[in-house]
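Here's the structure, in structure tokens; my notes come after.
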Amino acid sequence: MDKMTCPHCGHTFNFYEVTHVVEHKVENEIIECPYCHEIADRKPSNGYFVTQKIEGEN
Ligand SMILES: [Zn+2]
């Protein structure tokens with residue numbers, strides 16, 4: 001689990017990478033902010049990214 005700060009709304013959230021997705025080539029996957037649902041970042045992955053709000057951050 002990693003943390004990232006959204007460049008759009010300034011909230012900090014947790015994200016992690018889900019890998020071992022079958023038949024998925026490495027490409028840039030979006031990391032969507034769980035607060036404002038804008039794209040906070042893109043990183044190369046052969047899976048996808050899951051984001052979670054941090055308890056107590058609003
Ligand atoms: Zn945001």
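All residue names refer to the structure tokens as shown: chains lettered A, B, ... in order, residues numbered from 1 in each chain, ligands numbered from 1 in order.
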
Please return as a PDB file with all heavy atoms, in the first residue's frame the residues found within 8 Å of ligand 1, counting only C-alpha atoms and all ligand atoms.
```pdb
ATOM      1  N   THR A   5      -0.820  11.994  -2.975  1.00  0.00           N
ATOM      2  CA  THR A   5      -1.637  13.184  -2.798  1.00  0.00           C
ATOM      3  C   THR A   5      -2.203  13.592  -4.150  1.00  0.00           C
ATOM      4  O   THR A   5      -1.466  13.737  -5.117  1.00  0.00           O
ATOM      5  CB  THR A   5      -0.809  14.329  -2.192  1.00  0.00           C
ATOM      6  OG1 THR A   5      -0.308  13.910  -0.930  1.00  0.00           O
ATOM      7  CG2 THR A   5      -1.666  15.574  -2.000  1.00  0.00           C
ATOM      8  N   CYS A   6      -3.499  13.757  -4.201  1.00  0.00           N
ATOM      9  CA  CYS A   6      -4.160  14.136  -5.445  1.00  0.00           C
ATOM     10  C   CYS A   6      -3.772  15.559  -5.844  1.00  0.00           C
ATOM     11  O   CYS A   6      -3.888  16.474  -5.034  1.00  0.00           O
ATOM     12  CB  CYS A   6      -5.671  14.044  -5.249  1.00  0.00           C
ATOM     13  SG  CYS A   6      -6.603  14.616  -6.678  1.00  0.00           S
ATOM     14  N   PRO A   7      -3.326  15.748  -7.097  1.00  0.00           N
ATOM     15  CA  PRO A   7      -2.960  17.094  -7.545  1.00  0.00           C
ATOM     16  C   PRO A   7      -4.177  17.986  -7.803  1.00  0.00           C
ATOM     17  O   PRO A   7      -4.039  19.191  -7.975  1.00  0.00           O
ATOM     18  CB  PRO A   7      -2.189  16.831  -8.843  1.00  0.00           C
ATOM     19  CG  PRO A   7      -2.738  15.543  -9.349  1.00  0.00           C
ATOM     20  CD  PRO A   7      -3.088  14.732  -8.127  1.00  0.00           C
ATOM     21  N   HIS A   8      -5.358  17.403  -7.832  1.00  0.00           N
ATOM     22  CA  HIS A   8      -6.573  18.169  -8.138  1.00  0.00           C
ATOM     23  C   HIS A   8      -7.231  18.712  -6.878  1.00  0.00           C
ATOM     24  O   HIS A   8      -7.584  19.876  -6.811  1.00  0.00           O
ATOM     25  CB  HIS A   8      -7.569  17.304  -8.913  1.00  0.00           C
ATOM     26  CG  HIS A   8      -6.997  16.765 -10.189  1.00  0.00           C
ATOM     27  ND1 HIS A   8      -6.871  17.521 -11.329  1.00  0.00           N
ATOM     28  CD2 HIS A   8      -6.476  15.543 -10.485  1.00  0.00           C
ATOM     29  CE1 HIS A   8      -6.302  16.788 -12.288  1.00  0.00           C
ATOM     30  NE2 HIS A   8      -6.063  15.596 -11.800  1.00  0.00           N
ATOM     31  N   CYS A   9      -7.431  17.836  -5.877  1.00  0.00           N
ATOM     32  CA  CYS A   9      -8.156  18.261  -4.675  1.00  0.00           C
ATOM     33  C   CYS A   9      -7.275  18.311  -3.435  1.00  0.00           C
ATOM     34  O   CYS A   9      -7.711  18.804  -2.398  1.00  0.00           O
ATOM     35  CB  CYS A   9      -9.360  17.347  -4.427  1.00  0.00           C
ATOM     36  SG  CYS A   9      -8.924  15.664  -3.949  1.00  0.00           S
ATOM     37  N   GLY A  10      -6.052  17.777  -3.526  1.00  0.00           N
ATOM     38  CA  GLY A  10      -5.129  17.879  -2.405  1.00  0.00           C
ATOM     39  C   GLY A  10      -5.303  16.832  -1.321  1.00  0.00           C
ATOM     40  O   GLY A  10      -4.565  16.842  -0.343  1.00  0.00           O
ATOM     41  N   HIS A  11      -6.256  15.931  -1.478  1.00  0.00           N
ATOM     42  CA  HIS A  11      -6.429  14.861  -0.513  1.00  0.00           C
ATOM     43  C   HIS A  11      -5.340  13.800  -0.680  1.00  0.00           C
ATOM     44  O   HIS A  11      -4.885  13.535  -1.799  1.00  0.00           O
ATOM     45  CB  HIS A  11      -7.797  14.187  -0.672  1.00  0.00           C
ATOM     46  CG  HIS A  11      -8.926  14.955  -0.086  1.00  0.00           C
ATOM     47  ND1 HIS A  11      -9.917  15.511  -0.865  1.00  0.00           N
ATOM     48  CD2 HIS A  11      -9.228  15.254   1.201  1.00  0.00           C
ATOM     49  CE1 HIS A  11     -10.787  16.137  -0.066  1.00  0.00           C
ATOM     50  NE2 HIS A  11     -10.385  15.990   1.184  1.00  0.00           N
ATOM     51  N   GLU A  32      -7.052   6.671  -9.944  1.00  0.00           N
ATOM     52  CA  GLU A  32      -8.159   7.616  -9.802  1.00  0.00           C
ATOM     53  C   GLU A  32      -8.318   8.025  -8.354  1.00  0.00           C
ATOM     54  O   GLU A  32      -8.420   7.182  -7.468  1.00  0.00           O
ATOM     55  CB  GLU A  32      -9.449   6.970 -10.305  1.00  0.00           C
ATOM     56  CG  GLU A  32     -10.622   7.932 -10.305  1.00  0.00           C
ATOM     57  CD  GLU A  32     -11.928   7.229 -10.662  1.00  0.00           C
ATOM     58  OE1 GLU A  32     -12.133   6.924 -11.832  1.00  0.00           O
ATOM     59  OE2 GLU A  32     -12.727   6.981  -9.741  1.00  0.00           O
ATOM     60  N   CYS A  33      -8.379   9.325  -8.131  1.00  0.00           N
ATOM     61  CA  CYS A  33      -8.583   9.841  -6.774  1.00  0.00           C
ATOM     62  C   CYS A  33      -9.956   9.392  -6.250  1.00  0.00           C
ATOM     63  O   CYS A  33     -10.975   9.586  -6.918  1.00  0.00           O
ATOM     64  CB  CYS A  33      -8.516  11.359  -6.804  1.00  0.00           C
ATOM     65  SG  CYS A  33      -8.931  12.120  -5.226  1.00  0.00           S
ATOM     66  N   PRO A  34      -9.992   8.785  -5.047  1.00  0.00           N
ATOM     67  CA  PRO A  34     -11.281   8.340  -4.490  1.00  0.00           C
ATOM     68  C   PRO A  34     -12.131   9.485  -3.949  1.00  0.00           C
ATOM     69  O   PRO A  34     -13.289   9.290  -3.598  1.00  0.00           O
ATOM     70  CB  PRO A  34     -10.866   7.382  -3.366  1.00  0.00           C
ATOM     71  CG  PRO A  34      -9.528   7.874  -2.939  1.00  0.00           C
ATOM     72  CD  PRO A  34      -8.859   8.415  -4.184  1.00  0.00           C
ATOM     73  N   TYR A  35     -11.560  10.675  -3.900  1.00  0.00           N
ATOM     74  CA  TYR A  35     -12.311  11.831  -3.384  1.00  0.00           C
ATOM     75  C   TYR A  35     -12.990  12.607  -4.510  1.00  0.00           C
ATOM     76  O   TYR A  35     -14.190  12.828  -4.478  1.00  0.00           O
ATOM     77  CB  TYR A  35     -11.379  12.751  -2.594  1.00  0.00           C
ATOM     78  CG  TYR A  35     -10.880  12.113  -1.313  1.00  0.00           C
ATOM     79  CD1 TYR A  35      -9.667  11.436  -1.281  1.00  0.00           C
ATOM     80  CD2 TYR A  35     -11.636  12.165  -0.152  1.00  0.00           C
ATOM     81  CE1 TYR A  35      -9.214  10.834  -0.115  1.00  0.00           C
ATOM     82  CE2 TYR A  35     -11.198  11.567   1.017  1.00  0.00           C
ATOM     83  CZ  TYR A  35      -9.994  10.902   1.029  1.00  0.00           C
ATOM     84  OH  TYR A  35      -9.551  10.290   2.170  1.00  0.00           O
ATOM     85  N   CYS A  36     -12.211  13.001  -5.513  1.00  0.00           N
ATOM     86  CA  CYS A  36     -12.791  13.829  -6.581  1.00  0.00           C
ATOM     87  C   CYS A  36     -12.940  13.063  -7.901  1.00  0.00           C
ATOM     88  O   CYS A  36     -13.506  13.576  -8.850  1.00  0.00           O
ATOM     89  CB  CYS A  36     -11.942  15.088  -6.788  1.00  0.00           C
ATOM     90  SG  CYS A  36     -10.302  14.769  -7.488  1.00  0.00           S
ATOM     91  N   HIS A  37     -12.406  11.828  -7.950  1.00  0.00           N
ATOM     92  CA  HIS A  37     -12.525  10.954  -9.119  1.00  0.00           C
ATOM     93  C   HIS A  37     -11.845  11.511 -10.363  1.00  0.00           C
ATOM     94  O   HIS A  37     -12.157  11.124 -11.483  1.00  0.00           O
ATOM     95  CB  HIS A  37     -14.000  10.598  -9.398  1.00  0.00           C
ATOM     96  CG  HIS A  37     -14.635   9.916  -8.230  1.00  0.00           C
ATOM     97  ND1 HIS A  37     -14.349   8.617  -7.889  1.00  0.00           N
ATOM     98  CD2 HIS A  37     -15.499  10.375  -7.291  1.00  0.00           C
ATOM     99  CE1 HIS A  37     -15.040   8.310  -6.789  1.00  0.00           C
ATOM    100  NE2 HIS A  37     -15.740   9.354  -6.409  1.00  0.00           N
ATOM    101  N   GLU A  38     -10.906  12.409 -10.147  1.00  0.00           N
ATOM    102  CA  GLU A  38     -10.046  12.821 -11.245  1.00  0.00           C
ATOM    103  C   GLU A  38      -8.876  11.844 -11.328  1.00  0.00           C
ATOM    104  O   GLU A  38      -8.625  11.072 -10.388  1.00  0.00           O
ATOM    105  CB  GLU A  38      -9.504  14.248 -10.989  1.00  0.00           C
ATOM    106  CG  GLU A  38     -10.563  15.327 -10.962  1.00  0.00           C
ATOM    107  CD  GLU A  38     -11.101  15.658 -12.345  1.00  0.00           C
ATOM    108  OE1 GLU A  38     -10.437  15.332 -13.347  1.00  0.00           O
ATOM    109  OE2 GLU A  38     -12.192  16.243 -12.422  1.00  0.00           O
ATOM    110  N   ILE A  39      -8.170  11.855 -12.434  1.00  0.00           N
ATOM    111  CA  ILE A  39      -6.988  11.009 -12.574  1.00  0.00           C
ATOM    112  C   ILE A  39      -5.814  11.689 -11.879  1.00  0.00           C
ATOM    113  O   ILE A  39      -5.343  12.742 -12.294  1.00  0.00           O
ATOM    114  CB  ILE A  39      -6.667  10.756 -14.062  1.00  0.00           C
ATOM    115  CG1 ILE A  39      -7.821   9.976 -14.706  1.00  0.00           C
ATOM    116  CG2 ILE A  39      -5.348   9.987 -14.191  1.00  0.00           C
ATOM    117  CD1 ILE A  39      -7.726   9.890 -16.217  1.00  0.00           C
ATOM    118  N   ALA A  40      -5.376  11.056 -10.793  1.00  0.00           N
ATOM    119  CA  ALA A  40      -4.299  11.643  -9.995  1.00  0.00           C
ATOM    120  C   ALA A  40      -2.941  11.357 -10.614  1.00  0.00           C
ATOM    121  O   ALA A  40      -2.025  12.174 -10.524  1.00  0.00           O
ATOM    122  CB  ALA A  40      -4.355  11.113  -8.565  1.00  0.00           C
TER     123      ALA A  40
END
```

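Residues with any atom within 7 Å of Gln52 of chain A, counting only C-alpha atoms and excluding same-chain neighbours fewer than 6 positions away, are Phe13, Asn14, Phe15 and Pro34 of chain A.
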
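Distance-wise, atom CA of Glu55 of chain A and atom CA of Glu17 of chain A end up 19.5 Å apart.
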
May I have the residues within 10 Å of Tyr16 of chain A as a PDB file with N, CA, C and O atoms, in the first residue's frame, using only C-alpha atoms and disregarding those fewer than 6 positions away in the same chain?
```pdb
ATOM      1  N   MET A   1       0.852  -1.199   0.000  1.00  0.00           N
ATOM      2  CA  MET A   1       0.000   0.000   0.000  1.00  0.00           C
ATOM      3  C   MET A   1       0.881   1.240   0.000  1.00  0.00           C
ATOM      4  O   MET A   1       1.780   1.358   0.791  1.00  0.00           O
ATOM      5  N   ASP A   2       0.623   2.128  -0.916  1.00  0.00           N
ATOM      6  CA  ASP A   2       1.346   3.387  -0.996  1.00  0.00           C
ATOM      7  C   ASP A   2       0.375   4.538  -0.807  1.00  0.00           C
ATOM      8  O   ASP A   2      -0.835   4.361  -0.911  1.00  0.00           O
ATOM      9  N   LYS A   3       0.929   5.698  -0.545  1.00  0.00           N
ATOM     10  CA  LYS A   3       0.114   6.902  -0.414  1.00  0.00           C
ATOM     11  C   LYS A   3       0.433   7.853  -1.544  1.00  0.00           C
ATOM     12  O   LYS A   3       1.558   7.918  -2.025  1.00  0.00           O
ATOM     13  N   ILE A  31      -4.532   6.042 -11.951  1.00  0.00           N
ATOM     14  CA  ILE A  31      -4.807   6.004 -10.513  1.00  0.00           C
ATOM     15  C   ILE A  31      -5.845   7.088 -10.266  1.00  0.00           C
ATOM     16  O   ILE A  31      -5.560   8.275 -10.421  1.00  0.00           O
ATOM     17  N   TYR A  48      -3.779  -3.353 -12.438  1.00  0.00           N
ATOM     18  CA  TYR A  48      -4.481  -2.082 -12.313  1.00  0.00           C
ATOM     19  C   TYR A  48      -4.330  -1.587 -10.885  1.00  0.00           C
ATOM     20  O   TYR A  48      -3.827  -2.301 -10.020  1.00  0.00           O
ATOM     21  N   PHE A  49      -4.766  -0.364 -10.658  1.00  0.00           N
ATOM     22  CA  PHE A  49      -4.592   0.249  -9.348  1.00  0.00           C
ATOM     23  C   PHE A  49      -5.933   0.421  -8.642  1.00  0.00           C
ATOM     24  O   PHE A  49      -6.928   0.796  -9.260  1.00  0.00           O
ATOM     25  N   VAL A  50      -5.915   0.123  -7.360  1.00  0.00           N
ATOM     26  CA  VAL A  50      -7.087   0.308  -6.516  1.00  0.00           C
ATOM     27  C   VAL A  50      -6.765   1.428  -5.532  1.00  0.00           C
ATOM     28  O   VAL A  50      -5.676   1.465  -4.960  1.00  0.00           O
ATOM     29  N   THR A  51      -7.692   2.341  -5.368  1.00  0.00           N
ATOM     30  CA  THR A  51      -7.481   3.442  -4.433  1.00  0.00           C
ATOM     31  C   THR A  51      -8.483   3.361  -3.293  1.00  0.00           C
ATOM     32  O   THR A  51      -9.596   2.847  -3.452  1.00  0.00           O
ATOM     33  N   GLN A  52      -8.057   3.837  -2.135  1.00  0.00           N
ATOM     34  CA  GLN A  52      -8.901   3.827  -0.950  1.00  0.00           C
ATOM     35  C   GLN A  52      -8.759   5.151  -0.219  1.00  0.00           C
ATOM     36  O   GLN A  52      -7.638   5.657  -0.070  1.00  0.00           O
TER      37      GLN A  52
END
```

Notebook entry, point to check: What is the distance, in Å and to one decimal place, between atom CA of Met4 of chain A and atom CA of His24 of chain A?
Noted result: 24.3 Å

Notebook entry, point to check: Leaving out Asn28 of chain A and any residue of its chain fewer than 4 positions from it, which residues lie within 12 Å of it when counting only C-alpha atoms, given as a ChimeraX atom specification?
Noted result: /A:24,41-49

Dump of C-alpha atoms for the selected residues, as a PDB file, in the first residue's frame:
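And here is the file that came out, result26.pdb:
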```pdb
ATOM      1  CA  HIS A  24      -2.959  -7.904 -19.643  1.00  0.00           C
ATOM      2  CA  ASP A  41      -1.518   9.830 -11.850  1.00  0.00           C
ATOM      3  CA  ARG A  42      -0.667   7.142 -14.367  1.00  0.00           C
ATOM      4  CA  LYS A  43       1.874   4.434 -13.832  1.00  0.00           C
ATOM      5  CA  PRO A  44       2.976   1.441 -15.910  1.00  0.00           C
ATOM      6  CA  SER A  45       1.426  -1.758 -14.627  1.00  0.00           C
ATOM      7  CA  ASN A  46       0.488  -5.192 -15.864  1.00  0.00           C
ATOM      8  CA  GLY A  47      -2.560  -5.028 -13.639  1.00  0.00           C
ATOM      9  CA  TYR A  48      -4.481  -2.082 -12.313  1.00  0.00           C
ATOM     10  CA  PHE A  49      -4.592   0.249  -9.348  1.00  0.00           C
TER      11      PHE A  49
END
```
